[in-house]
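So this block is protein11.cif, mmCIF, C-alpha atoms and all ligand atoms:
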data_protein
loop_
_atom_site.label_atom_id
_atom_site.label_comp_id
_atom_site.auth_asym_id
_atom_site.auth_seq_id
_atom_site.Cartn_x
_atom_site.Cartn_y
_atom_site.Cartn_z
CA MET A 1 72.96 136.10 97.39
CA THR A 2 72.55 136.68 93.67
CA SER A 3 74.34 140.01 93.71
CA PHE A 4 77.28 138.54 95.63
CA HIS A 5 77.51 135.68 93.11
CA GLN A 6 77.29 138.07 90.20
CA SER A 7 79.97 140.44 91.46
CA PHE A 8 82.19 137.51 92.42
CA GLY A 9 81.67 136.05 88.94
CA ARG A 10 82.51 139.36 87.28
CA SER A 11 85.80 139.88 89.07
CA PHE A 12 87.01 136.33 88.47
CA GLY A 13 85.47 135.79 85.06
CA ARG A 14 83.80 132.52 84.09
CA SER A 15 86.49 130.40 85.71
CA ALA A 16 86.35 127.16 87.67
CA LEU A 17 86.91 129.27 90.77
CA GLY A 18 83.69 131.12 90.01
CA GLY A 19 81.85 127.77 90.01
CA ILE A 20 83.24 126.81 93.41
CA ALA A 21 82.34 130.21 94.80
CA ALA A 22 78.78 129.85 93.52
CA ALA A 23 78.46 126.46 95.26
CA ALA A 24 79.77 127.97 98.50
CA VAL A 25 77.28 130.80 98.27
CA ILE A 26 74.39 128.37 97.76
CA LEU A 27 75.51 126.38 100.82
CA ALA A 28 75.79 129.53 102.90
CA GLY A 29 72.24 130.37 101.93
CA SER A 30 70.79 127.16 103.36
CA THR A 31 69.18 127.46 106.80
CA ALA A 32 71.77 125.37 108.57
CA TRP A 33 74.37 128.01 107.87
CA ALA A 34 72.29 131.11 108.40
CA ALA A 35 73.47 131.68 111.98
CA GLU A 36 71.01 133.65 114.04
CA LYS A 37 71.86 135.56 117.22
CA TRP A 38 69.21 136.16 119.88
CA ASP A 39 69.92 138.59 122.69
CA MET A 40 68.05 137.55 125.83
CA PRO A 41 67.30 140.29 128.39
CA LEU A 42 66.95 139.19 132.05
CA ALA A 43 65.92 141.49 134.89
CA TYR A 44 67.57 139.78 137.85
CA ALA A 45 71.16 139.55 139.15
CA ALA A 46 73.58 137.40 137.16
CA SER A 47 74.23 135.27 140.27
CA ASN A 48 70.52 134.56 140.86
CA TYR A 49 69.43 131.00 140.03
CA HIS A 50 66.87 132.22 137.47
CA SER A 51 69.60 134.08 135.59
CA GLU A 52 72.12 131.25 135.90
CA ASN A 53 69.50 128.82 134.63
CA ALA A 54 68.66 131.10 131.68
CA ALA A 55 72.36 131.51 130.84
CA LYS A 56 72.76 127.71 130.86
CA PHE A 57 69.69 127.36 128.62
CA ALA A 58 71.17 129.92 126.22
CA GLU A 59 74.48 128.06 126.07
CA ALA A 60 72.75 124.70 125.66
CA VAL A 61 70.73 125.97 122.68
CA THR A 62 73.82 127.51 121.10
CA LYS A 63 75.69 124.23 121.50
CA ALA A 64 72.88 121.90 120.43
CA THR A 65 72.22 123.93 117.28
CA GLY A 66 75.93 124.00 116.42
CA GLY A 67 75.76 127.79 116.59
CA ALA A 68 72.93 128.04 114.04
CA LEU A 69 70.98 129.77 116.83
CA GLU A 70 73.17 131.58 119.32
CA ILE A 71 71.33 132.86 122.41
CA VAL A 72 73.17 135.37 124.59
CA ALA A 73 71.81 136.15 128.09
CA HIS A 74 72.03 139.72 129.45
CA PRO A 75 71.24 139.63 133.20
CA GLY A 76 70.67 142.43 135.73
CA GLY A 77 68.45 144.55 133.50
CA SER A 78 71.53 145.50 131.45
CA LEU A 79 69.78 145.28 128.08
CA PHE A 80 66.21 146.07 129.16
CA LYS A 81 64.92 146.64 132.69
CA GLY A 82 62.34 144.22 134.08
CA GLY A 83 59.53 146.66 133.37
CA GLU A 84 60.57 146.96 129.71
CA ILE A 85 61.22 143.33 128.82
CA TYR A 86 57.68 142.19 127.93
CA ARG A 87 57.14 145.07 125.54
CA ALA A 88 60.61 144.66 124.03
CA ILE A 89 59.83 141.05 123.16
CA ARG A 90 56.34 141.85 121.87
CA THR A 91 57.64 144.52 119.56
CA GLY A 92 60.55 142.37 118.40
CA GLN A 93 63.24 144.60 119.89
CA ALA A 94 64.32 141.45 121.71
CA PRO A 95 63.47 138.03 120.23
CA ILE A 96 63.51 136.33 123.66
CA GLY A 97 63.65 137.27 127.33
CA GLU A 98 62.49 136.59 130.89
CA ARG A 99 59.74 138.38 132.83
CA LEU A 100 57.95 138.02 136.16
CA ILE A 101 54.52 136.82 135.02
CA SER A 102 52.48 138.48 137.78
CA ALA A 103 53.81 141.92 136.84
CA LEU A 104 51.70 141.72 133.67
CA GLY A 105 48.26 142.02 135.27
CA ASN A 106 47.43 145.05 133.14
CA GLU A 107 47.76 142.87 130.03
CA ASP A 108 45.52 140.12 131.37
CA PRO A 109 44.36 139.23 134.91
CA LEU A 110 45.34 135.60 134.29
CA PHE A 111 48.99 136.61 134.54
CA GLU A 112 48.37 137.44 138.22
CA ILE A 113 47.08 134.03 139.24
CA ASP A 114 50.38 132.96 140.81
CA ALA A 115 50.41 136.08 143.03
CA LEU A 116 47.04 135.41 144.70
CA PRO A 117 47.69 135.14 148.45
CA PHE A 118 47.43 131.61 149.87
CA LEU A 119 46.11 129.96 146.71
CA ALA A 120 49.28 127.90 146.18
CA THR A 121 51.90 128.20 148.92
CA SER A 122 54.21 125.19 148.40
CA PHE A 123 56.33 124.08 145.44
CA ASP A 124 54.02 121.10 144.85
CA ASP A 125 50.92 123.28 144.76
CA SER A 126 52.70 125.89 142.70
CA TRP A 127 53.51 123.23 140.10
CA LYS A 128 49.85 122.16 140.04
CA LEU A 129 48.69 125.75 139.64
CA TYR A 130 51.17 126.13 136.78
CA GLN A 131 49.82 123.03 135.04
CA ALA A 132 46.22 124.16 135.57
CA SER A 133 46.91 127.64 134.22
CA LYS A 134 49.32 126.72 131.41
CA PRO A 135 46.81 126.25 128.55
CA LYS A 136 45.28 129.66 129.25
CA LEU A 137 48.71 131.22 129.77
CA GLU A 138 49.91 129.89 126.40
CA GLU A 139 46.73 131.05 124.70
CA THR A 140 47.00 134.56 126.19
CA LEU A 141 50.63 134.82 125.14
CA ASP A 142 49.85 133.51 121.67
CA LYS A 143 47.25 136.24 121.19
CA ALA A 144 49.90 138.78 122.16
CA GLY A 145 52.30 137.35 119.54
CA LEU A 146 54.42 135.44 122.03
CA VAL A 147 55.53 131.86 122.62
CA LEU A 148 55.98 130.38 126.12
CA LEU A 149 59.26 128.51 126.46
CA TYR A 150 59.43 127.79 130.19
CA ALA A 151 58.53 129.11 133.65
CA VAL A 152 60.32 128.79 137.01
CA PRO A 153 59.09 129.85 140.49
CA TRP A 154 60.56 132.07 143.16
CA PRO A 155 60.56 130.61 146.67
CA PRO A 156 57.56 131.40 148.94
CA GLN A 157 57.06 135.09 149.65
CA GLY A 158 57.64 136.56 153.10
CA LEU A 159 57.53 139.99 154.72
CA TYR A 160 60.70 142.05 155.13
CA ASN A 161 60.62 144.99 157.51
CA LYS A 162 63.07 147.18 159.41
CA THR A 163 61.18 146.75 162.68
CA ALA A 164 59.24 143.87 164.24
CA VAL A 165 55.72 143.33 162.86
CA ASN A 166 53.07 141.68 165.03
CA ALA A 167 49.99 142.69 163.07
CA ALA A 168 49.20 144.41 159.77
CA SER A 169 48.48 147.61 161.73
CA ASP A 170 52.25 147.88 162.43
CA MET A 171 52.68 148.50 158.71
CA LYS A 172 50.75 151.78 158.71
CA GLY A 173 52.62 154.47 156.75
CA VAL A 174 55.62 152.19 156.06
CA LYS A 175 57.32 152.76 152.69
CA PHE A 176 56.70 149.49 150.96
CA ARG A 177 58.54 148.31 147.87
CA ALA A 178 56.15 146.63 145.40
CA TYR A 179 57.07 144.52 142.36
CA ASN A 180 53.64 144.31 140.74
CA ALA A 181 50.06 145.56 141.14
CA ALA A 182 49.22 142.76 143.59
CA THR A 183 52.00 143.72 146.00
CA SER A 184 50.96 147.40 145.71
CA ARG A 185 47.42 146.40 146.62
CA LEU A 186 48.65 144.28 149.53
CA ALA A 187 50.55 147.31 150.84
CA GLU A 188 47.47 149.53 150.55
CA LEU A 189 45.32 147.01 152.39
CA MET A 190 47.88 147.01 155.24
CA GLY A 191 47.91 150.81 155.32
CA ALA A 192 51.49 150.92 153.98
CA VAL A 193 52.64 153.20 151.14
CA PRO A 194 53.64 151.27 148.02
CA THR A 195 56.31 152.24 145.46
CA LYS A 196 57.24 150.01 142.51
CA ILE A 197 60.96 149.30 142.44
CA GLU A 198 62.92 146.84 140.29
CA ALA A 199 64.87 144.13 142.11
CA ALA A 200 68.01 145.48 140.41
CA GLU A 201 67.48 148.83 142.21
CA LEU A 202 66.64 147.47 145.64
CA THR A 203 69.95 148.03 147.39
CA GLN A 204 69.83 151.72 146.62
CA ALA A 205 66.14 152.04 147.51
CA PHE A 206 66.70 150.54 150.96
CA ALA A 207 69.97 152.41 151.50
CA THR A 208 68.35 155.77 150.78
CA GLY A 209 65.17 155.09 152.75
CA VAL A 210 62.92 155.10 149.67
CA ALA A 211 61.86 151.61 150.80
CA GLU A 212 61.65 150.17 154.33
CA SER A 213 59.73 147.01 153.71
CA MET A 214 58.68 144.55 150.98
CA ILE A 215 57.23 141.13 150.38
CA SER A 216 59.59 138.85 148.49
CA SER A 217 61.47 135.56 148.70
CA GLY A 218 64.59 134.88 150.71
CA SER A 219 66.28 134.72 147.32
CA THR A 220 65.89 138.40 146.48
CA GLY A 221 66.84 139.46 150.03
CA TYR A 222 69.97 137.36 149.75
CA ASP A 223 70.88 138.71 146.28
CA ARG A 224 70.60 142.28 147.58
CA LYS A 225 72.29 141.73 150.99
CA ILE A 226 69.11 143.05 152.51
CA TRP A 227 70.45 142.45 156.06
CA GLU A 228 72.47 145.63 155.65
CA HIS A 229 69.18 147.56 155.85
CA VAL A 230 66.44 145.32 157.19
CA LYS A 231 66.26 143.24 160.36
CA TYR A 232 63.13 141.04 160.08
CA TRP A 233 61.82 138.45 157.65
CA TYR A 234 58.49 136.71 158.33
CA ASP A 235 57.97 133.46 156.51
CA VAL A 236 54.39 134.19 155.47
CA GLN A 237 54.46 131.73 152.53
CA ALA A 238 51.92 133.89 150.76
CA TRP A 239 52.51 132.69 147.17
CA LEU A 240 55.24 131.58 144.73
CA PRO A 241 55.37 133.91 141.74
CA LYS A 242 57.02 132.65 138.57
CA ASN A 243 59.31 134.07 135.93
CA MET A 244 58.65 132.99 132.37
CA VAL A 245 60.92 132.87 129.35
CA ILE A 246 59.07 133.87 126.19
CA ALA A 247 59.94 134.39 122.54
CA ASN A 248 58.57 136.76 119.92
CA LYS A 249 56.31 134.69 117.66
CA ALA A 250 57.61 136.16 114.39
CA ALA A 251 61.22 135.45 115.43
CA TRP A 252 60.10 131.97 116.50
CA ASN A 253 58.38 131.32 113.17
CA ASP A 254 61.58 132.27 111.37
CA LEU A 255 63.31 129.27 112.94
CA ASP A 256 63.02 126.02 111.02
CA ALA A 257 61.22 123.09 112.65
CA ASN A 258 64.48 121.44 113.65
CA LEU A 259 65.72 124.52 115.52
CA GLN A 260 62.32 125.00 117.16
CA LYS A 261 62.45 121.44 118.43
CA ILE A 262 65.92 121.92 119.89
CA VAL A 263 64.85 125.14 121.64
CA MET A 264 61.71 123.48 123.10
CA ASP A 265 63.70 120.46 124.27
CA GLU A 266 66.24 122.69 126.00
CA ALA A 267 63.43 124.83 127.44
CA GLY A 268 61.88 121.68 128.97
CA LYS A 269 65.21 120.80 130.56
CA ALA A 270 65.69 124.37 131.83
CA GLU A 271 62.22 124.33 133.38
CA GLN A 272 62.93 121.10 135.25
CA ALA A 273 66.37 122.29 136.38
CA GLY A 274 64.94 125.66 137.49
CA TRP A 275 62.20 124.10 139.63
CA ASN A 276 64.72 121.73 141.21
CA LYS A 277 67.10 124.60 141.98
CA ALA A 278 64.33 126.73 143.51
CA ARG A 279 63.28 123.88 145.82
CA GLU A 280 66.86 123.13 146.74
CA LEU A 281 67.71 126.77 147.56
CA ALA A 282 64.54 127.89 149.39
CA ASP A 283 65.67 126.84 152.88
CA TRP A 284 69.27 127.76 152.21
CA TYR A 285 68.27 131.36 151.50
CA LYS A 286 66.43 131.57 154.81
CA GLU A 287 69.51 130.22 156.59
CA GLN A 288 71.63 132.87 154.89
CA LEU A 289 69.33 135.67 156.04
CA ALA A 290 69.57 134.37 159.62
CA ALA A 291 73.33 133.78 159.39
CA ASN A 292 73.72 137.43 158.40
CA GLY A 293 71.97 138.61 161.53
CA MET A 294 68.31 138.81 160.53
CA GLU A 295 65.44 137.61 162.68
CA VAL A 296 63.82 134.92 160.54
CA GLY A 297 60.69 133.18 161.70
CA PRO A 298 56.98 132.51 161.20
CA PRO A 299 54.45 135.34 161.40
CA SER A 300 52.52 135.76 164.65
CA ASP A 301 48.96 134.42 164.72
CA SER A 302 47.53 137.91 164.41
CA LEU A 303 49.77 138.83 161.45
CA LYS A 304 48.81 135.56 159.82
CA ALA A 305 45.11 136.25 160.36
CA ASP A 306 45.52 139.77 158.94
CA PHE A 307 47.26 138.41 155.87
CA GLU A 308 44.53 135.84 155.41
CA SER A 309 41.80 138.43 155.44
CA ILE A 310 43.77 140.70 153.07
CA GLY A 311 44.32 137.67 150.85
CA ALA A 312 40.57 136.97 150.76
CA THR A 313 39.92 140.56 149.66
CA MET A 314 42.55 140.32 146.94
CA THR A 315 41.17 137.01 145.67
CA LYS A 316 37.66 138.49 145.51
CA GLU A 317 38.93 141.53 143.62
CA TRP A 318 40.89 139.34 141.23
CA LEU A 319 37.85 137.15 140.48
CA GLU A 320 35.87 140.27 139.63
CA LYS A 321 38.48 141.06 136.96
CA ALA A 322 39.25 137.53 135.79
CA GLY A 323 35.62 136.38 135.64
CA ALA A 324 34.48 132.90 134.70
CA GLU A 325 37.76 132.13 132.89
CA GLY A 326 39.75 132.88 136.01
CA GLN A 327 37.37 130.84 138.15
CA ALA A 328 37.67 127.93 135.70
CA VAL A 329 41.46 127.86 136.13
CA ILE A 330 41.12 127.95 139.92
CA ASP A 331 38.57 125.12 139.76
CA ALA A 332 40.89 123.08 137.53
CA TYR A 333 43.73 123.65 140.02
CA LYS A 334 41.60 122.66 143.01
CA ALA A 335 40.52 119.49 141.26
CA MET A 336 44.17 118.36 140.76
N1 LIG A 401 61.77 138.14 143.88
C1 LIG A 401 61.37 139.07 142.86
C2 LIG A 401 59.97 138.71 142.54
C3 LIG A 401 59.57 137.68 143.51
C4 LIG A 401 60.77 137.37 144.27
O1 LIG A 401 60.88 136.50 145.13
C5 LIG A 401 61.45 140.48 143.33
O2 LIG A 401 61.44 140.74 144.54
O3 LIG A 401 61.48 141.36 142.49
#
Show how you would write the structure in this file as structure tokens.
Amino acid sequence: MTSFHQSFGRSFGRSALGGIAAAAVILAGSTAWAAEKWDMPLAYAASNYHSENAAKFAEAVTKATGGALEIVAHPGGSLFKGGEIYRAIRTGQAPIGERLISALGNEDPLFEIDALPFLATSFDDSWKLYQASKPKLEETLDKAGLVLLYAVPWPPQGLYNKTAVNAASDMKGVKFRAYNAATSRLAELMGAVPTKIEAAELTQAFATGVAESMISSGSTGYDRKIWEHVKYWYDVQAWLPKNMVIANKAAWNDLDANLQKIVMDEAGKAEQAGWNKARELADWYKEQLAANGMEVGPPSDSLKADFESIGATMTKEWLEKAGAEGQAVIDAYKAM
């Protein structure tokens, strides 16, 4: 600022114009004029409701701050892939972004709580679990140098497979696409062979036979036209994993209190809108899978029983990692 003023002053001499220029420079230096641009990486398809919601949030912040903070969404893993986003935000390569929370189990077991089979299987219960786990989630993120802005669920998770599945034993040796450690473990417990694959790469994975099966929502199957490769979807309603939008704490602290308030207000609205959209679309996605020729229905009693026993194993294993803190969150949820 000083050097610009000085050089401007030198070329125009000590004129009245110099005085006006100095005033303009001082104004430009105040926070209201120091426009900031935040690139926001998103892992999922631009047309997915999570991405559309994030893009709306980004536009709303840009508008409400009069452009003082411009947020630009980059969907489809175009800026960073899903697996890179958390680290990018932590290290400040991206000031903000969206990540599937349960993919971060290596960072802290608490992040996996919304991928525990049959703990919370409806939107209402998923909301309760979110409220029960939020203080711990915020604390864990804070320790990692991150700020939670909002979180939105995926619809209930069901089993996709090329052939009919009547029991977990039908899954033996099947190439199973996993999206986090919990879904890898689920595959192992069924005798399937897990491979981690990003949602953005699913079409290719199924087309080339790298994957034959997965557990996911109707939403992701719809986004990837999964009916071109897979015939069956079983509505297991195993859990509702959430995506979260987080900011780098240093970037956050650089915003003045007024901007922070605007961002948090818009984040609250985005969270509400995202939950409403997810609820509204859950059945519609299932209808779309069926309308495109898939067999969509409930799991058989034996498949259900198999999933329940696998779920019990996974819950036990998770509690061994998450300890008393994890148990306390589950207790808080069950008391709600
Ligand atoms: N879709 C994401 C995560 C959960 C979901 O429903 C995916 O399959 O990658």
Pick out the closest residue to ligand LIG 401 (chain A) from this set: A:Ala144, A:Ala55, A:Val263, A:Leu42. Count only C-alpha atoms and all ligand atoms. A:Leu42
Around ligand LIG 401 (chain A), which protein and nucleic acid residues have at least one atom no more than 7 Å from it, if we count all atoms listed in the file? List them as an MDAnalysis selection string. chainID A and resid 100 154:155 157 179 198:199 216:220 241
Using CA of Thr315 (chain A) and CA of Lys143 (chain A) as the two end points, give the distance in Å to one decimal.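 Result for CA of Thr315 (chain A) versus CA of Lys143 (chain A): 25.2 Å, one decimal.
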One-decimal distance in Å that lies between CA of Gly77 (chain A) and CA of Gly145 (chain A):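 Atom-to-atom, CA of Gly145 (chain A) and CA of Gly77 (chain A) are spaced 22.5 Å apart.
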By how many Å are CA of Ala182 (chain A) and CA of Val329 (chain A) apart? 18.4 Å
Would you kindly return, as a CSV table (one decimal) with C-alpha atoms, in the frame of the given file, each protein, DNA or RNA residue with an atom no farther than 9 Å from any atom of Met214 (chain A), considering only C-alpha atoms and excluding same-chain residues fewer than 6 positions away?
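Final output, saved to result-v9.csv:
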chain,number,residue,atom,x,y,z
A,158,GLY,CA,57.6,136.6,153.1
A,159,LEU,CA,57.5,140.0,154.7
A,160,TYR,CA,60.7,142.0,155.1
A,161,ASN,CA,60.6,145.0,157.5
A,175,LYS,CA,57.3,152.8,152.7
A,176,PHE,CA,56.7,149.5,151.0
A,177,ARG,CA,58.5,148.3,147.9
A,178,ALA,CA,56.2,146.6,145.4
A,179,TYR,CA,57.1,144.5,142.4
A,183,THR,CA,52.0,143.7,146.0
A,187,ALA,CA,50.6,147.3,150.8
A,194,PRO,CA,53.6,151.3,148.0
Near Val236 (chain A), within 9 Å and counting all atoms listed in the file, which residues show up once chain neighbours fewer than 3 positions away are dropped, as a count of residues only? 12
So that I can see what lies close to Asp39 (chain A), please list as a PyMOL selection string the residues with an atom at most 8 Å from it, counting all atoms listed in the file and leaving out residues fewer than 3 positions away in the same chain. chain A and resi 71-74+94-97
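With distances taken over all atoms listed in the file, A:Ile330 is the one residue among A:Met336, A:Ile330, A:Leu319, A:Ala103 lying closest to Ser133 (chain A).
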Counting all atoms listed in the file, what is within 7 Å of region 222-225 of chain A, bar same-chain residues fewer than 2 positions away, as a ChimeraX atom specification? /A:48,202-203,218-220,227-228,285,289
Assuming the input is short of atoms at region 163-176 of chain A, produce N, CA and C atoms for that part as a PDB file, in the frame of the given file.
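To be explicit, this is the file written out as out_5.pdb:
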ATOM      1  N   THR A 163      61.524 146.980 161.275  1.00  0.00           N
ATOM      2  CA  THR A 163      61.180 146.750 162.680  1.00  0.00           C
ATOM      3  C   THR A 163      60.269 145.536 162.803  1.00  0.00           C
ATOM      4  N   ALA A 164      60.072 145.058 164.018  1.00  0.00           N
ATOM      5  CA  ALA A 164      59.240 143.870 164.240  1.00  0.00           C
ATOM      6  C   ALA A 164      57.784 144.170 163.851  1.00  0.00           C
ATOM      7  N   VAL A 165      57.123 143.175 163.271  1.00  0.00           N
ATOM      8  CA  VAL A 165      55.720 143.330 162.860  1.00  0.00           C
ATOM      9  C   VAL A 165      54.893 142.249 163.556  1.00  0.00           C
ATOM     10  N   ASN A 166      53.926 142.671 164.348  1.00  0.00           N
ATOM     11  CA  ASN A 166      53.070 141.680 165.030  1.00  0.00           C
ATOM     12  C   ASN A 166      51.683 141.592 164.420  1.00  0.00           C
ATOM     13  N   ALA A 167      51.293 142.666 163.738  1.00  0.00           N
ATOM     14  CA  ALA A 167      49.990 142.690 163.070  1.00  0.00           C
ATOM     15  C   ALA A 167      50.098 143.654 161.891  1.00  0.00           C
ATOM     16  N   ALA A 168      49.164 143.542 160.954  1.00  0.00           N
ATOM     17  CA  ALA A 168      49.200 144.410 159.770  1.00  0.00           C
ATOM     18  C   ALA A 168      49.184 145.885 160.162  1.00  0.00           C
ATOM     19  N   SER A 169      48.565 146.203 161.299  1.00  0.00           N
ATOM     20  CA  SER A 169      48.480 147.610 161.730  1.00  0.00           C
ATOM     21  C   SER A 169      49.875 148.216 161.980  1.00  0.00           C
ATOM     22  N   ASP A 170      50.883 147.367 162.258  1.00  0.00           N
ATOM     23  CA  ASP A 170      52.250 147.880 162.430  1.00  0.00           C
ATOM     24  C   ASP A 170      52.831 148.404 161.125  1.00  0.00           C
ATOM     25  N   MET A 171      52.172 148.126 160.031  1.00  0.00           N
ATOM     26  CA  MET A 171      52.680 148.500 158.710  1.00  0.00           C
ATOM     27  C   MET A 171      52.153 149.862 158.253  1.00  0.00           C
ATOM     28  N   LYS A 172      51.357 150.495 159.096  1.00  0.00           N
ATOM     29  CA  LYS A 172      50.750 151.780 158.710  1.00  0.00           C
ATOM     30  C   LYS A 172      51.813 152.813 158.370  1.00  0.00           C
ATOM     31  N   GLY A 173      51.703 153.398 157.155  1.00  0.00           N
ATOM     32  CA  GLY A 173      52.620 154.470 156.750  1.00  0.00           C
ATOM     33  C   GLY A 173      54.013 154.013 156.342  1.00  0.00           C
ATOM     34  N   VAL A 174      54.286 152.706 156.416  1.00  0.00           N
ATOM     35  CA  VAL A 174      55.620 152.190 156.060  1.00  0.00           C
ATOM     36  C   VAL A 174      55.817 152.262 154.539  1.00  0.00           C
ATOM     37  N   LYS A 175      57.020 152.679 154.133  1.00  0.00           N
ATOM     38  CA  LYS A 175      57.320 152.760 152.690  1.00  0.00           C
ATOM     39  C   LYS A 175      57.599 151.353 152.180  1.00  0.00           C
ATOM     40  N   PHE A 176      56.711 150.900 151.338  1.00  0.00           N
ATOM     41  CA  PHE A 176      56.700 149.490 150.960  1.00  0.00           C
ATOM     42  C   PHE A 176      57.072 149.323 149.490  1.00  0.00           C
TER      43      PHE A 176
END
